[in-house]
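Okay, structure first, notes after.
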Amino acid sequence: SSLYATKTAAEAATISASVPAIILLGYAAIRDAPPAMYVRQASEPSHPGKLQSTDGAWWAITPALGGAIYPEQFGAARDGVTDDTTAIENAETTRFSLGCWLEFLPGNYYTNDMQITFQRPRWKGATSNGTVITCDGTISPTLWATGASGYTDGLIENLVLWAPSGRTTGVGLYYDGDATYQPDEFKTTNLKITGVGSWTIPLEHYGMDRTSPQGNRACSHINFFLGRDVSAGFYAANVVGLFILGGGIYGGTTNQFQITGLVSAAKGSTYVLT
């Protein structure tokens, strides 16, 4: 057979060597995750999106051409209670290895002390603020774009990062590289970072480590909302070509929108908040 109800069922199977790919109809139960195709591999895959059947064969999750993988395919419950941290972390590691999208379904993904350092992310949630990632704990930042090894051009769409009542500090999305690499050409659309708890800074760019070429460059934010900040709603140091169109900031501080850095830090930048 090439159809299996769950990941555990596939791992327990002896699969004919003539079968090149299998389909999982769920992760722990049928329909608890979008169906996932696993393709036979010559050796153990280097990412978490893998399984080994009883006959010893290795299989790797493989999205459709131009498609996506989902945290549910790695065990996320999306119920706002179960800790989905490990599932999201494993899904992102696999997404980076495969070069595909990581797609989030409508619902609430609860996380605790999650910190994801990513390069060239492709994250997409449901429209109309339908995807919420609850960011409990104290580790900061939650999402950390580094541009390591020259990987730039990130995309995040349609997500809410939510600070629960127990959270009182931290950065939601942080752009920071080193003297060589920065997360340049990074775009967010319909991003909301807020909650009933609070963030120190919901969204921060920090390009001070790189002076040649200068700063964190050519990033854009379209239609964002930032709230519940302690120090600043939006903070950027040494940015070049920053583009902001639409959105709002509410947090109760006097530094809700703060740009600083070198003399030319904000050259070529446009800010239109409505």
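Note on naming: chains are A, B, ... as they come in the structure tokens, residues start from 1 per chain, ligands start from 1 in the order shown.
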Find the residues of segment 90-148 of chain A that sit at most 12 Å from segment 17-38 of chain A; for each, write down the nearest two atoms and how far apart they are in Å, to one decimal. Count only C-alpha atoms. Sort by chain, then by number going up, and give it as a Markdown table.
```
| residue | atom | partner | partner_atom | distance |
| --- | --- | --- | --- | --- |
| A:Glu103 | CA | A:Pro34 | CA | 10.6 |
| A:Phe104 | CA | A:Pro34 | CA | 10.8 |
| A:Leu105 | CA | A:Pro34 | CA | 9.7 |
```
Export of the given selection (all heavy atoms) as a short mmCIF file (atom, residue, chain, number, x, y, z; two decimals), in the first residue's frame:
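What landed in selection_28.cif:
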```cif
data_model
loop_
_atom_site.label_atom_id
_atom_site.label_comp_id
_atom_site.auth_asym_id
_atom_site.auth_seq_id
_atom_site.Cartn_x
_atom_site.Cartn_y
_atom_site.Cartn_z
N GLU A 103 3.21 26.90 5.60
CA GLU A 103 1.87 27.49 5.63
C GLU A 103 1.17 27.14 6.93
O GLU A 103 1.19 25.99 7.38
CB GLU A 103 1.06 26.99 4.43
CG GLU A 103 -0.25 27.74 4.25
CD GLU A 103 -0.82 27.60 2.85
OE1 GLU A 103 -0.06 27.38 1.90
OE2 GLU A 103 -2.06 27.73 2.71
N PHE A 104 0.53 28.15 7.52
CA PHE A 104 -0.19 28.00 8.78
C PHE A 104 -1.69 28.06 8.51
O PHE A 104 -2.17 28.94 7.79
CB PHE A 104 0.19 29.10 9.76
CG PHE A 104 1.63 29.05 10.21
CD1 PHE A 104 2.64 29.56 9.41
CD2 PHE A 104 1.96 28.51 11.44
CE1 PHE A 104 3.97 29.52 9.82
CE2 PHE A 104 3.29 28.46 11.86
CZ PHE A 104 4.30 28.96 11.05
N LEU A 105 -2.44 27.15 9.11
CA LEU A 105 -3.88 27.10 8.94
C LEU A 105 -4.57 28.07 9.91
O LEU A 105 -3.93 28.57 10.85
CB LEU A 105 -4.37 25.67 9.18
CG LEU A 105 -3.82 24.61 8.23
CD1 LEU A 105 -4.27 23.22 8.67
CD2 LEU A 105 -4.24 24.89 6.80
#
```
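These are the residues of segment 50-263 of chain A assigned helix (DSSP H, G or I) by DSSP from backbone coordinates: Pro71, Glu72, Gln73, Phe74, Thr85, Thr86, Ala87, Ile88, Glu89, Asn90, Ala91, Glu92, Thr93, Thr94, Arg95, Phe96, Ser97, Leu98, Ala148, Ser149 and Gly150 of chain A.
If you measure from each of A:Trp199, A:Trp58, A:Phe243, A:Phe225 to Ala163 of chain A using only C-alpha atoms, the closest one turns out to be A:Trp199.
A straight line drawn from atom CA of Ser140 of chain A to atom CA of Trp162 of chain A is 13.6 Å long.
Taking only C-alpha atoms into account, Glu89 of chain A lies nearest to A:His47 out of the set A:Tyr175, A:His47, A:Gly125, A:Gly67.
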**OP:** Tell me which of A:Ile133, A:Glu204, A:Gly166, A:Ser46 sits closest to Ile88 of chain A, counting only C-alpha atoms.
**Re:** A:Ile133
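Going from atom CA of Ala9 of chain A over to atom CA of Tyr109 of chain A, you cover 25.4 Å.
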Enumerate, as a tab-separated table (two decimals) with N, CA and C atoms, in the first residue's frame, the complete set of residues in segment 166-244 of chain A that a backbone-based DSSP assignment places in strand (DSSP E or B).
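The resulting file, states37.tsv, is shown below:
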```tsv
chain	number	residue	atom	x	y	z
A	171	VAL	N	11.17	40.82	22.10
A	171	VAL	CA	10.97	41.32	20.74
A	171	VAL	C	10.25	40.26	19.93
A	172	GLY	N	9.23	40.67	19.18
A	172	GLY	CA	8.47	39.72	18.38
A	172	GLY	C	9.21	39.28	17.13
A	173	LEU	N	9.54	40.25	16.26
A	173	LEU	CA	10.28	39.98	15.02
A	173	LEU	C	11.50	40.89	15.00
A	174	TYR	N	12.67	40.30	14.88
A	174	TYR	CA	13.94	41.01	15.02
A	174	TYR	C	14.79	40.78	13.77
A	175	TYR	N	15.23	41.88	13.15
A	175	TYR	CA	16.12	41.83	12.00
A	175	TYR	C	17.52	42.19	12.48
A	176	ASP	N	18.44	41.24	12.43
A	176	ASP	CA	19.79	41.55	12.90
A	176	ASP	C	20.77	40.55	12.30
A	187	LYS	N	10.29	41.16	3.38
A	187	LYS	CA	8.97	41.78	3.23
A	187	LYS	C	7.96	41.11	4.16
A	188	THR	N	7.17	41.93	4.85
A	188	THR	CA	6.02	41.41	5.57
A	188	THR	C	4.75	42.06	5.01
A	189	THR	N	3.68	41.30	5.00
A	189	THR	CA	2.37	41.79	4.57
A	189	THR	C	1.32	41.29	5.56
A	190	ASN	N	0.48	42.19	6.04
A	190	ASN	CA	-0.58	41.83	6.98
A	190	ASN	C	-0.01	41.13	8.22
A	191	LEU	N	0.97	41.76	8.84
A	191	LEU	CA	1.58	41.24	10.06
A	191	LEU	C	1.05	42.03	11.25
A	192	LYS	N	0.68	41.30	12.29
A	192	LYS	CA	0.15	41.92	13.50
A	192	LYS	C	0.92	41.36	14.69
A	193	ILE	N	1.54	42.25	15.49
A	193	ILE	CA	2.27	41.83	16.68
A	193	ILE	C	1.71	42.61	17.86
A	194	THR	N	0.95	41.93	18.70
A	194	THR	CA	0.23	42.61	19.78
A	194	THR	C	-0.08	41.59	20.87
A	195	GLY	N	-1.15	41.76	21.62
A	195	GLY	CA	-1.53	40.80	22.64
A	195	GLY	C	-2.25	41.45	23.80
A	199	TRP	N	5.17	43.43	24.76
A	199	TRP	CA	6.48	43.25	24.15
A	199	TRP	C	7.36	44.45	24.52
A	201	ILE	N	9.72	45.51	22.40
A	201	ILE	CA	9.59	46.11	21.07
A	201	ILE	C	8.97	45.04	20.17
A	202	PRO	N	7.78	45.26	19.65
A	202	PRO	CA	7.19	44.24	18.77
A	202	PRO	C	8.01	43.95	17.52
A	203	LEU	N	8.54	45.02	16.86
A	203	LEU	CA	9.24	44.85	15.59
A	203	LEU	C	10.48	45.73	15.59
A	204	GLU	N	11.65	45.10	15.37
A	204	GLU	CA	12.91	45.83	15.46
A	204	GLU	C	13.85	45.47	14.31
A	205	HIS	N	14.42	46.50	13.68
A	205	HIS	CA	15.52	46.35	12.71
A	205	HIS	C	16.79	46.86	13.37
A	206	TYR	N	17.87	46.09	13.26
A	206	TYR	CA	19.13	46.55	13.84
A	206	TYR	C	20.25	46.25	12.84
A	211	THR	N	28.66	47.86	8.05
A	211	THR	CA	28.93	49.21	7.52
A	211	THR	C	29.24	49.20	6.04
A	214	GLN	N	26.19	49.49	3.90
A	214	GLN	CA	25.70	50.01	5.16
A	214	GLN	C	24.33	49.46	5.54
A	216	ASN	N	20.88	47.55	7.35
A	216	ASN	CA	19.85	46.62	6.94
A	216	ASN	C	19.06	47.28	5.81
A	217	ARG	N	19.01	46.63	4.64
A	217	ARG	CA	18.62	47.33	3.41
A	217	ARG	C	17.36	46.74	2.76
A	220	SER	N	10.57	45.90	3.62
A	220	SER	CA	9.27	46.57	3.52
A	220	SER	C	8.26	45.91	4.45
A	221	HIS	N	7.34	46.73	4.93
A	221	HIS	CA	6.22	46.27	5.76
A	221	HIS	C	4.95	46.90	5.19
A	222	ILE	N	4.03	46.09	4.78
A	222	ILE	CA	2.77	46.56	4.19
A	222	ILE	C	1.62	46.12	5.08
A	223	ASN	N	0.88	47.10	5.57
A	223	ASN	CA	-0.31	46.85	6.39
A	223	ASN	C	0.03	46.07	7.66
A	224	PHE	N	0.77	46.70	8.57
A	224	PHE	CA	1.06	46.06	9.85
A	224	PHE	C	0.31	46.75	10.97
A	225	PHE	N	0.19	46.03	12.09
A	225	PHE	CA	-0.31	46.62	13.33
A	225	PHE	C	0.58	46.14	14.46
A	226	LEU	N	1.10	47.08	15.25
A	226	LEU	CA	1.97	46.77	16.36
A	226	LEU	C	1.39	47.36	17.64
A	227	GLY	N	1.38	46.58	18.71
A	227	GLY	CA	0.82	47.09	19.95
A	227	GLY	C	1.40	46.44	21.17
A	229	ASP	N	3.56	47.61	23.47
A	229	ASP	CA	5.00	47.73	23.64
A	229	ASP	C	5.35	48.43	24.95
A	234	PHE	N	7.83	50.39	17.01
A	234	PHE	CA	8.69	50.05	15.87
A	234	PHE	C	10.02	50.74	16.08
A	235	TYR	N	11.11	49.99	16.03
A	235	TYR	CA	12.43	50.57	16.25
A	235	TYR	C	13.35	50.11	15.13
A	236	ALA	N	14.07	51.05	14.51
A	236	ALA	CA	15.00	50.71	13.44
A	236	ALA	C	16.28	51.50	13.62
A	237	ALA	N	17.42	50.81	13.59
A	237	ALA	CA	18.73	51.46	13.71
A	237	ALA	C	19.56	51.10	12.49
A	239	VAL	N	19.05	51.66	8.94
A	239	VAL	CA	18.33	51.00	7.85
A	239	VAL	C	18.43	51.86	6.59
A	240	VAL	N	18.42	51.19	5.46
A	240	VAL	CA	18.50	51.88	4.17
A	240	VAL	C	17.38	51.34	3.28
A	243	PHE	N	10.68	50.60	3.53
A	243	PHE	CA	9.40	51.02	2.96
A	243	PHE	C	8.27	50.52	3.85
A	244	ILE	N	7.43	51.44	4.30
A	244	ILE	CA	6.28	51.09	5.14
A	244	ILE	C	5.04	51.71	4.52
```
**OP:** Would you list the contacts of Gly154 of chain A as JSON, numbers by chain, taking every protein, DNA or RNA residue within 7 Å and counting only C-alpha atoms, but skipping same-chain residues closer than 6 positions in sequence?
**Re:** {"A": [120, 121, 122, 185, 186, 187]}
Subject >> All residues 12 Å or closer to Pro213 of chain A, only C-alpha atoms, same chain fewer than 3 positions away omitted, as number ranges by chain >> reply: A: 178-182, 184, 207-210, 216-218, 238-240, 264-265
What would the file look like if the residues just selected were written as a short mmCIF file (atom, residue, chain, number, x, y, z; two decimals), in the first residue's frame with all heavy atoms?
```
data_model
loop_
_atom_site.label_atom_id
_atom_site.label_comp_id
_atom_site.auth_asym_id
_atom_site.auth_seq_id
_atom_site.Cartn_x
_atom_site.Cartn_y
_atom_site.Cartn_z
N ASP A 178 25.21 40.45 10.92
CA ASP A 178 26.55 40.68 11.44
C ASP A 178 27.28 41.62 10.48
O ASP A 178 26.66 42.25 9.61
CB ASP A 178 27.30 39.37 11.62
CG ASP A 178 27.36 38.52 10.36
OD1 ASP A 178 27.37 39.11 9.25
OD2 ASP A 178 27.41 37.29 10.47
N ALA A 179 28.60 41.72 10.61
CA ALA A 179 29.36 42.66 9.80
C ALA A 179 29.32 42.33 8.31
O ALA A 179 29.57 43.18 7.47
CB ALA A 179 30.81 42.70 10.28
N THR A 180 28.99 41.08 7.98
CA THR A 180 28.97 40.64 6.58
C THR A 180 27.57 40.51 6.03
O THR A 180 27.28 40.94 4.91
CB THR A 180 29.70 39.29 6.43
OG1 THR A 180 31.03 39.41 6.94
CG2 THR A 180 29.75 38.86 4.97
N TYR A 181 26.67 39.92 6.80
CA TYR A 181 25.34 39.60 6.31
C TYR A 181 24.24 40.27 7.13
O TYR A 181 24.33 40.35 8.36
CB TYR A 181 25.11 38.08 6.33
CG TYR A 181 26.07 37.30 5.48
CD1 TYR A 181 26.95 36.40 6.06
CD2 TYR A 181 26.09 37.46 4.10
CE1 TYR A 181 27.84 35.67 5.28
CE2 TYR A 181 26.96 36.73 3.31
CZ TYR A 181 27.83 35.85 3.90
OH TYR A 181 28.71 35.13 3.13
N GLN A 182 23.21 40.73 6.42
CA GLN A 182 22.02 41.27 7.05
C GLN A 182 20.79 40.69 6.34
O GLN A 182 20.87 40.28 5.18
CB GLN A 182 21.99 42.80 6.93
CG GLN A 182 22.97 43.52 7.84
CD GLN A 182 22.50 43.58 9.28
OE1 GLN A 182 21.31 43.52 9.55
NE2 GLN A 182 23.44 43.71 10.19
N ASP A 184 18.47 41.45 4.33
CA ASP A 184 18.00 42.46 3.38
C ASP A 184 16.81 41.94 2.57
O ASP A 184 16.53 40.74 2.52
CB ASP A 184 19.13 42.82 2.41
CG ASP A 184 20.34 43.42 3.12
OD1 ASP A 184 20.15 44.09 4.15
OD2 ASP A 184 21.47 43.22 2.64
N GLY A 207 20.60 47.27 12.05
CA GLY A 207 21.61 47.09 11.01
C GLY A 207 22.96 47.67 11.37
O GLY A 207 23.80 47.86 10.49
N MET A 208 23.20 47.92 12.64
CA MET A 208 24.41 48.62 13.06
C MET A 208 25.68 47.80 12.87
O MET A 208 26.78 48.34 12.83
CB MET A 208 24.30 49.05 14.51
CG MET A 208 23.13 49.97 14.80
SD MET A 208 23.23 51.56 13.93
CE MET A 208 24.56 52.34 14.83
N ASP A 209 25.57 46.47 12.79
CA ASP A 209 26.76 45.64 12.71
C ASP A 209 27.45 45.71 11.35
O ASP A 209 28.62 45.38 11.23
CB ASP A 209 26.41 44.18 13.02
CG ASP A 209 25.96 44.00 14.45
OD1 ASP A 209 26.55 44.64 15.33
OD2 ASP A 209 25.02 43.23 14.69
N ARG A 210 26.72 46.09 10.31
CA ARG A 210 27.31 46.10 8.98
C ARG A 210 27.46 47.52 8.47
O ARG A 210 26.51 48.29 8.45
CB ARG A 210 26.45 45.29 8.00
CG ARG A 210 27.11 45.12 6.62
CD ARG A 210 26.27 44.28 5.70
NE ARG A 210 25.05 44.96 5.30
CZ ARG A 210 24.12 44.42 4.52
NH1 ARG A 210 24.25 43.18 4.09
NH2 ARG A 210 23.04 45.10 4.19
N ASN A 216 20.88 47.55 7.35
CA ASN A 216 19.85 46.62 6.94
C ASN A 216 19.06 47.28 5.81
O ASN A 216 18.50 48.35 5.97
CB ASN A 216 18.95 46.31 8.14
CG ASN A 216 17.84 45.35 7.84
OD1 ASN A 216 16.79 45.42 8.46
ND2 ASN A 216 18.03 44.45 6.91
N ARG A 217 19.01 46.63 4.64
CA ARG A 217 18.62 47.33 3.41
C ARG A 217 17.36 46.74 2.76
O ARG A 217 17.14 45.54 2.78
CB ARG A 217 19.77 47.30 2.41
CG ARG A 217 21.10 47.79 2.97
CD ARG A 217 22.26 47.54 2.05
NE ARG A 217 22.23 48.40 0.88
CZ ARG A 217 22.75 49.62 0.82
NH1 ARG A 217 23.34 50.14 1.90
NH2 ARG A 217 22.69 50.34 -0.27
N ALA A 218 16.61 47.67 2.13
CA ALA A 218 15.51 47.32 1.21
C ALA A 218 14.49 46.37 1.82
O ALA A 218 14.10 45.38 1.20
CB ALA A 218 16.09 46.74 -0.07
N ASN A 238 19.96 52.14 11.74
CA ASN A 238 20.81 51.96 10.56
C ASN A 238 20.11 51.12 9.49
O ASN A 238 20.53 50.01 9.18
CB ASN A 238 22.16 51.35 10.93
CG ASN A 238 23.20 51.63 9.85
OD1 ASN A 238 23.04 52.53 9.04
ND2 ASN A 238 24.26 50.86 9.86
N VAL A 239 19.05 51.66 8.94
CA VAL A 239 18.33 51.00 7.85
C VAL A 239 18.43 51.86 6.59
O VAL A 239 18.52 53.08 6.66
CB VAL A 239 16.84 50.77 8.21
CG1 VAL A 239 16.72 49.74 9.31
CG2 VAL A 239 16.16 52.06 8.62
N VAL A 240 18.42 51.19 5.46
CA VAL A 240 18.50 51.88 4.17
C VAL A 240 17.38 51.34 3.28
O VAL A 240 17.22 50.14 3.12
CB VAL A 240 19.86 51.63 3.49
CG1 VAL A 240 19.92 52.31 2.13
CG2 VAL A 240 21.00 52.13 4.38
N SER A 264 23.20 58.59 7.21
CA SER A 264 22.44 58.15 6.03
C SER A 264 21.61 56.91 6.32
O SER A 264 21.22 56.19 5.41
CB SER A 264 23.40 57.87 4.87
OG SER A 264 24.36 56.90 5.24
N ALA A 265 21.33 56.68 7.59
CA ALA A 265 20.68 55.42 7.98
C ALA A 265 19.33 55.21 7.30
O ALA A 265 18.96 54.10 7.00
CB ALA A 265 20.51 55.37 9.48
#
```
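When only C-alpha atoms are used to measure the gap to Thr142 of chain A, the shortest distance among A:Gln256, A:Gln115, A:Ser128, A:Thr62 belongs to A:Gln115.
Distance annotation: of A:Ala77, A:Ile116, A:Ala12, A:Ala232, the residue with the minimal separation from Glu92 of chain A is A:Ile116; atom set is only C-alpha atoms.
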